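Beneath this line is the structure, given in structure tokens, with notes to follow.
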Amino acid sequence: MNYRILGNDLKVSAVGLGCMGMTHASGAPADTKEMTRLLAQAVEMGYTYFDTAQCYTGVNPDGSIAYNEELVGAALKPYRDKIVLATKCGVRHLGDHLEMDSSRETIRKSVEESLKKLQTDHIDLYYQHRIDPKVEPEDVAQTMGELIKEGEITHWGISEANEEYLRRAHAVCPVTAIQNRYSMMARWYENLLPVLDELHIGFVAFSPLANGFLSARYHDTSQFEHSPADFRSSMPQFSKEGVAQNEELLALIENTAKEKNAAPAQISLAWLLAKRPYIVPIPGSRKEARIKENLDAADIVLTTDEVGKIDAALDSMKMSAVFGGHHA
């Protein structure tokens, strides 16, 4: 099994499991028993990093709320001493936009709620889910530092961090990892890599497959067109026009996969893993075969020269817009 270190000492599997889609943004929540079995299988495969968030919720057929944290916590409770649990606070979904709240009071209330839902006495990596412009980074860092001293969390991170905010927060309480969007279609945080090198901060890459698009399995995306509970229905890369605009990108991934005797998704993940030794992508899936395939991407080696050629191709090719998240 391949492992990586986030920050100074948080050891995790080189590929983590993003659990969001089991209840949120990928259609109706999946069957709880099946996802419980799938999470147990993921542990057996070798996953040790599992990522969830307070706001990852869906609506079950009976109208009840499907809390991702409850699903993940119950399923992984038997394996708690073998895994790293990561969750997030400070965001609420309000229709098609997000409401940010990183006040000290909200963070403290949220951590208690997450501990109960996750059925644990501590959270291994607790993220500020998005930057709240109303709260200074020093104040957030101070609150997280207090929670670490109290033992409710052991490490903290920031999702969608920028350099200034990260540096200011890190100066108060060392940040273990950022969790930012990063894929072949979303490279706008690559300028943070030298900063992470300097500060010894890990990079957990979410949406590493551009919400699945870079698996090259969706040449026909019509299945998403009439499913408002599936966020892919409104993502530009999954539109009919988007697929056409991304033919060159998909060809690059598929041809490289053939050369490496790998799946296209594995090439997309291996490319990220080759960028820095502290990058940990967290693709998600509801299917056992896909989860196994993603984990095995850590065994595929892309040389510096191969990564350079891919980057040069990405720099020069036209591609569609890619979903960049809901606005605040």
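Labels used: A, B, ... for chains in the order of the structure tokens, numbers from 1 for residues in each chain, and numbers from 1 for ligands as shown.
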
Requested in this report: Run DSSP on the backbone and give me the residues of stretch 6-163 of chain A it puts in alpha helix (DSSP H), as a ChimeraX atom specification.
Outcome: /A:32-45,68-76,104-118,137-150,163

**Report entry** Nearby residues (only C-alpha atoms) at most 8 Å from A:Thr52, same-chain spacing under 5 positions excluded, as a PyMOL selection string
**Finding:** chain A and resi 18-20+68-69+72+85-88

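Here atom CA of A:Arg168 is placed at a distance of 19.1 Å from atom CA of A:Leu125.
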
Query raised in the report: Got a sec: who's within 12 Å of A:Asn162, counting only C-alpha atoms, leaving out chain neighbours fewer than 3 positions off, as a VMD selection string?
Result: chain A and resid 130 to 131 137 158 to 159 165 to 170 178 to 181 188 to 193 195 to 196

Produce a file of the selected residues containing N, CA and C atoms, as a PDB file, in the first residue's frame.
```pdb
ATOM      1  N   ARG A 130     -14.949  26.677   3.524  1.00  0.00           N
ATOM      2  CA  ARG A 130     -14.692  27.768   2.587  1.00  0.00           C
ATOM      3  C   ARG A 130     -14.287  28.998   3.402  1.00  0.00           C
ATOM      4  N   ILE A 131     -13.549  29.881   2.793  1.00  0.00           N
ATOM      5  CA  ILE A 131     -13.160  31.116   3.460  1.00  0.00           C
ATOM      6  C   ILE A 131     -14.393  31.982   3.695  1.00  0.00           C
ATOM      7  N   PRO A 137      -8.592  35.203   9.174  1.00  0.00           N
ATOM      8  CA  PRO A 137      -7.972  33.878   9.248  1.00  0.00           C
ATOM      9  C   PRO A 137      -7.332  33.597  10.593  1.00  0.00           C
ATOM     10  N   ILE A 158      -7.816  23.938   5.468  1.00  0.00           N
ATOM     11  CA  ILE A 158      -8.658  24.961   4.835  1.00  0.00           C
ATOM     12  C   ILE A 158      -8.993  24.491   3.429  1.00  0.00           C
ATOM     13  N   SER A 159     -10.245  24.585   3.054  1.00  0.00           N
ATOM     14  CA  SER A 159     -10.660  24.214   1.703  1.00  0.00           C
ATOM     15  C   SER A 159     -10.802  25.468   0.846  1.00  0.00           C
ATOM     16  N   TYR A 165      -4.453  34.095   2.780  1.00  0.00           N
ATOM     17  CA  TYR A 165      -5.247  33.542   3.878  1.00  0.00           C
ATOM     18  C   TYR A 165      -4.500  32.393   4.536  1.00  0.00           C
ATOM     19  N   LEU A 166      -3.897  31.522   3.718  1.00  0.00           N
ATOM     20  CA  LEU A 166      -3.189  30.362   4.230  1.00  0.00           C
ATOM     21  C   LEU A 166      -2.002  30.776   5.096  1.00  0.00           C
ATOM     22  N   ARG A 167      -1.226  31.713   4.611  1.00  0.00           N
ATOM     23  CA  ARG A 167      -0.050  32.155   5.376  1.00  0.00           C
ATOM     24  C   ARG A 167      -0.460  32.777   6.710  1.00  0.00           C
ATOM     25  N   ARG A 168      -1.482  33.592   6.694  1.00  0.00           N
ATOM     26  CA  ARG A 168      -1.904  34.246   7.930  1.00  0.00           C
ATOM     27  C   ARG A 168      -2.440  33.235   8.945  1.00  0.00           C
ATOM     28  N   ALA A 169      -3.218  32.271   8.467  1.00  0.00           N
ATOM     29  CA  ALA A 169      -3.756  31.252   9.367  1.00  0.00           C
ATOM     30  C   ALA A 169      -2.644  30.349   9.894  1.00  0.00           C
ATOM     31  N   HIS A 170      -1.740  29.947   9.016  1.00  0.00           N
ATOM     32  CA  HIS A 170      -0.662  29.022   9.374  1.00  0.00           C
ATOM     33  C   HIS A 170       0.266  29.622  10.428  1.00  0.00           C
ATOM     34  N   ILE A 178      -4.406  21.799   2.788  1.00  0.00           N
ATOM     35  CA  ILE A 178      -5.484  22.504   2.107  1.00  0.00           C
ATOM     36  C   ILE A 178      -6.267  21.464   1.319  1.00  0.00           C
ATOM     37  N   GLN A 179      -7.533  21.735   1.092  1.00  0.00           N
ATOM     38  CA  GLN A 179      -8.327  20.879   0.212  1.00  0.00           C
ATOM     39  C   GLN A 179      -8.914  21.782  -0.868  1.00  0.00           C
ATOM     40  N   ASN A 180      -8.294  21.765  -2.035  1.00  0.00           N
ATOM     41  CA  ASN A 180      -8.704  22.626  -3.135  1.00  0.00           C
ATOM     42  C   ASN A 180      -9.033  21.789  -4.365  1.00  0.00           C
ATOM     43  N   ARG A 181      -9.835  22.378  -5.236  1.00  0.00           N
ATOM     44  CA  ARG A 181     -10.164  21.717  -6.497  1.00  0.00           C
ATOM     45  C   ARG A 181      -8.906  21.638  -7.354  1.00  0.00           C
ATOM     46  N   TRP A 188      -5.976  25.976 -11.489  1.00  0.00           N
ATOM     47  CA  TRP A 188      -5.744  27.355 -11.056  1.00  0.00           C
ATOM     48  C   TRP A 188      -5.079  27.463  -9.684  1.00  0.00           C
ATOM     49  N   TYR A 189      -4.909  26.357  -8.961  1.00  0.00           N
ATOM     50  CA  TYR A 189      -4.205  26.432  -7.679  1.00  0.00           C
ATOM     51  C   TYR A 189      -2.774  25.907  -7.757  1.00  0.00           C
ATOM     52  N   GLU A 190      -2.277  25.638  -8.964  1.00  0.00           N
ATOM     53  CA  GLU A 190      -0.900  25.159  -9.072  1.00  0.00           C
ATOM     54  C   GLU A 190       0.105  26.197  -8.582  1.00  0.00           C
ATOM     55  N   ASN A 191      -0.289  27.456  -8.619  1.00  0.00           N
ATOM     56  CA  ASN A 191       0.638  28.485  -8.113  1.00  0.00           C
ATOM     57  C   ASN A 191       0.831  28.413  -6.600  1.00  0.00           C
ATOM     58  N   LEU A 192       0.027  27.614  -5.908  1.00  0.00           N
ATOM     59  CA  LEU A 192       0.196  27.427  -4.470  1.00  0.00           C
ATOM     60  C   LEU A 192       1.238  26.366  -4.133  1.00  0.00           C
ATOM     61  N   LEU A 193       1.633  25.563  -5.097  1.00  0.00           N
ATOM     62  CA  LEU A 193       2.539  24.452  -4.801  1.00  0.00           C
ATOM     63  C   LEU A 193       3.855  24.906  -4.164  1.00  0.00           C
ATOM     64  N   VAL A 195       4.312  27.422  -2.285  1.00  0.00           N
ATOM     65  CA  VAL A 195       3.968  27.844  -0.923  1.00  0.00           C
ATOM     66  C   VAL A 195       3.818  26.622  -0.018  1.00  0.00           C
ATOM     67  N   LEU A 196       3.186  25.577  -0.540  1.00  0.00           N
ATOM     68  CA  LEU A 196       3.022  24.357   0.239  1.00  0.00           C
ATOM     69  C   LEU A 196       4.370  23.682   0.479  1.00  0.00           C
TER      70      LEU A 196
END
```

Report task. Could you give me, as a ChimeraX atom specification, each residue of stretch 89-290 of chain A that DSSP assigns to strand (DSSP E) when run on this structure's backbone? Result -> /A:89,91-94,97-100,125-128,156-159,177-181,202-206,279-281

Requested in this report: Mind checking which residues fall within 12 Å of A:Gly46, counting only C-alpha atoms, ignoring those fewer than 6 positions away in the same chain, and posting them as JSON, numbers by chain?
Outcome: {"A": [1, 2, 3, 12, 13, 14, 15, 16, 17, 39, 40, 79, 82, 83, 84, 291, 292, 294, 295, 296, 298]}

Could you turn the residues from that selection into a file that holds N, CA and C atoms, as a CSV table (one decimal), in the first residue's frame?
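Writing done, so here's result.csv:
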```
chain,number,residue,atom,x,y,z
A,1,MET,N,0.8,-1.2,0.0
A,1,MET,CA,0.0,0.0,0.0
A,1,MET,C,0.9,1.2,0.0
A,2,ASN,N,0.5,2.2,-0.8
A,2,ASN,CA,1.2,3.5,-0.9
A,2,ASN,C,0.6,4.5,0.1
A,3,TYR,N,1.4,5.2,0.9
A,3,TYR,CA,1.0,6.2,1.8
A,3,TYR,C,1.7,7.5,1.5
A,12,VAL,N,-1.7,9.0,5.5
A,12,VAL,CA,-2.9,8.6,4.8
A,12,VAL,C,-2.6,7.8,3.6
A,13,SER,N,-3.5,7.1,3.1
A,13,SER,CA,-3.4,6.3,1.8
A,13,SER,C,-3.2,7.4,0.7
A,14,ALA,N,-2.4,7.0,-0.3
A,14,ALA,CA,-2.0,8.0,-1.3
A,14,ALA,C,-3.2,8.5,-2.1
A,15,VAL,N,-4.3,7.7,-2.1
A,15,VAL,CA,-5.6,8.1,-2.7
A,15,VAL,C,-6.6,7.9,-1.6
A,16,GLY,N,-7.3,9.0,-1.3
A,16,GLY,CA,-8.4,8.9,-0.3
A,16,GLY,C,-9.8,8.7,-1.0
A,17,LEU,N,-10.8,8.5,-0.2
A,17,LEU,CA,-12.1,8.3,-0.7
A,17,LEU,C,-13.0,9.5,-0.3
A,39,LEU,N,-18.1,1.0,2.0
A,39,LEU,CA,-17.1,1.7,2.9
A,39,LEU,C,-16.2,0.7,3.6
A,40,ALA,N,-16.8,-0.4,4.0
A,40,ALA,CA,-16.1,-1.5,4.7
A,40,ALA,C,-15.1,-2.1,3.7
A,79,TYR,N,-13.7,0.4,12.3
A,79,TYR,CA,-12.4,0.5,11.8
A,79,TYR,C,-11.7,1.8,12.2
A,82,LYS,N,-8.0,2.4,12.5
A,82,LYS,CA,-7.2,2.2,11.3
A,82,LYS,C,-7.3,3.3,10.3
A,83,ILE,N,-8.2,4.3,10.5
A,83,ILE,CA,-8.5,5.2,9.4
A,83,ILE,C,-8.3,6.7,9.9
A,84,VAL,N,-8.3,7.6,9.0
A,84,VAL,CA,-8.3,9.0,9.2
A,84,VAL,C,-9.6,9.6,8.7
A,291,ILE,N,-13.9,2.3,-7.2
A,291,ILE,CA,-13.1,2.6,-6.0
A,291,ILE,C,-11.8,1.9,-6.0
A,292,LYS,N,-11.9,0.6,-6.4
A,292,LYS,CA,-10.6,-0.2,-6.5
A,292,LYS,C,-9.7,0.4,-7.6
A,294,ASN,N,-9.5,3.4,-8.7
A,294,ASN,CA,-8.9,4.7,-8.2
A,294,ASN,C,-7.8,4.5,-7.3
A,295,LEU,N,-7.9,3.6,-6.3
A,295,LEU,CA,-6.9,3.3,-5.4
A,295,LEU,C,-5.6,2.8,-6.1
A,296,ASP,N,-5.8,1.9,-7.1
A,296,ASP,CA,-4.7,1.3,-7.8
A,296,ASP,C,-3.9,2.3,-8.7
A,298,ALA,N,-2.4,4.7,-7.6
A,298,ALA,CA,-1.1,5.0,-6.9
A,298,ALA,C,0.0,4.1,-7.3
```

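Of note, atom CA of A:Arg290 and atom CA of A:Ala265 are spaced 9.0 Å apart.
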
**Report entry** Length of the atom CA of A:Arg232 to atom CA of A:Lys287 vector [Å]
**Finding:** 17.2 Å

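For the set A:Gln266, A:Asn255, A:Thr106, A:Ser285, the residue with the smallest atom-to-atom gap to A:Ala42 is A:Ser285, counting only C-alpha atoms.
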
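For the choices A:Ser114, A:Lys309, A:Asn8, A:Arg286, the atom-to-atom distance to A:Glu34 is smallest for A:Arg286 when using only C-alpha atoms.
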
Report summary line: Counting only C-alpha atoms, closest pick from A:Leu249, A:Val172, A:Met319, A:Val204 relative to A:Pro277 is A:Val204

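For the residues A:Leu94, A:Glu163, A:Gly63, A:Tyr49, ranking by smallest atom-to-atom distance to A:Ile123 using only C-alpha atoms places A:Tyr49 first.
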
Requested in this report: Skip A:Ala216 itself and residues of its chain fewer than 6 positions away, then list as a PyMOL selection string all residues within 8 Å of it, counting only C-alpha atoms.
Outcome: chain A and resi 250+253-254+264-265
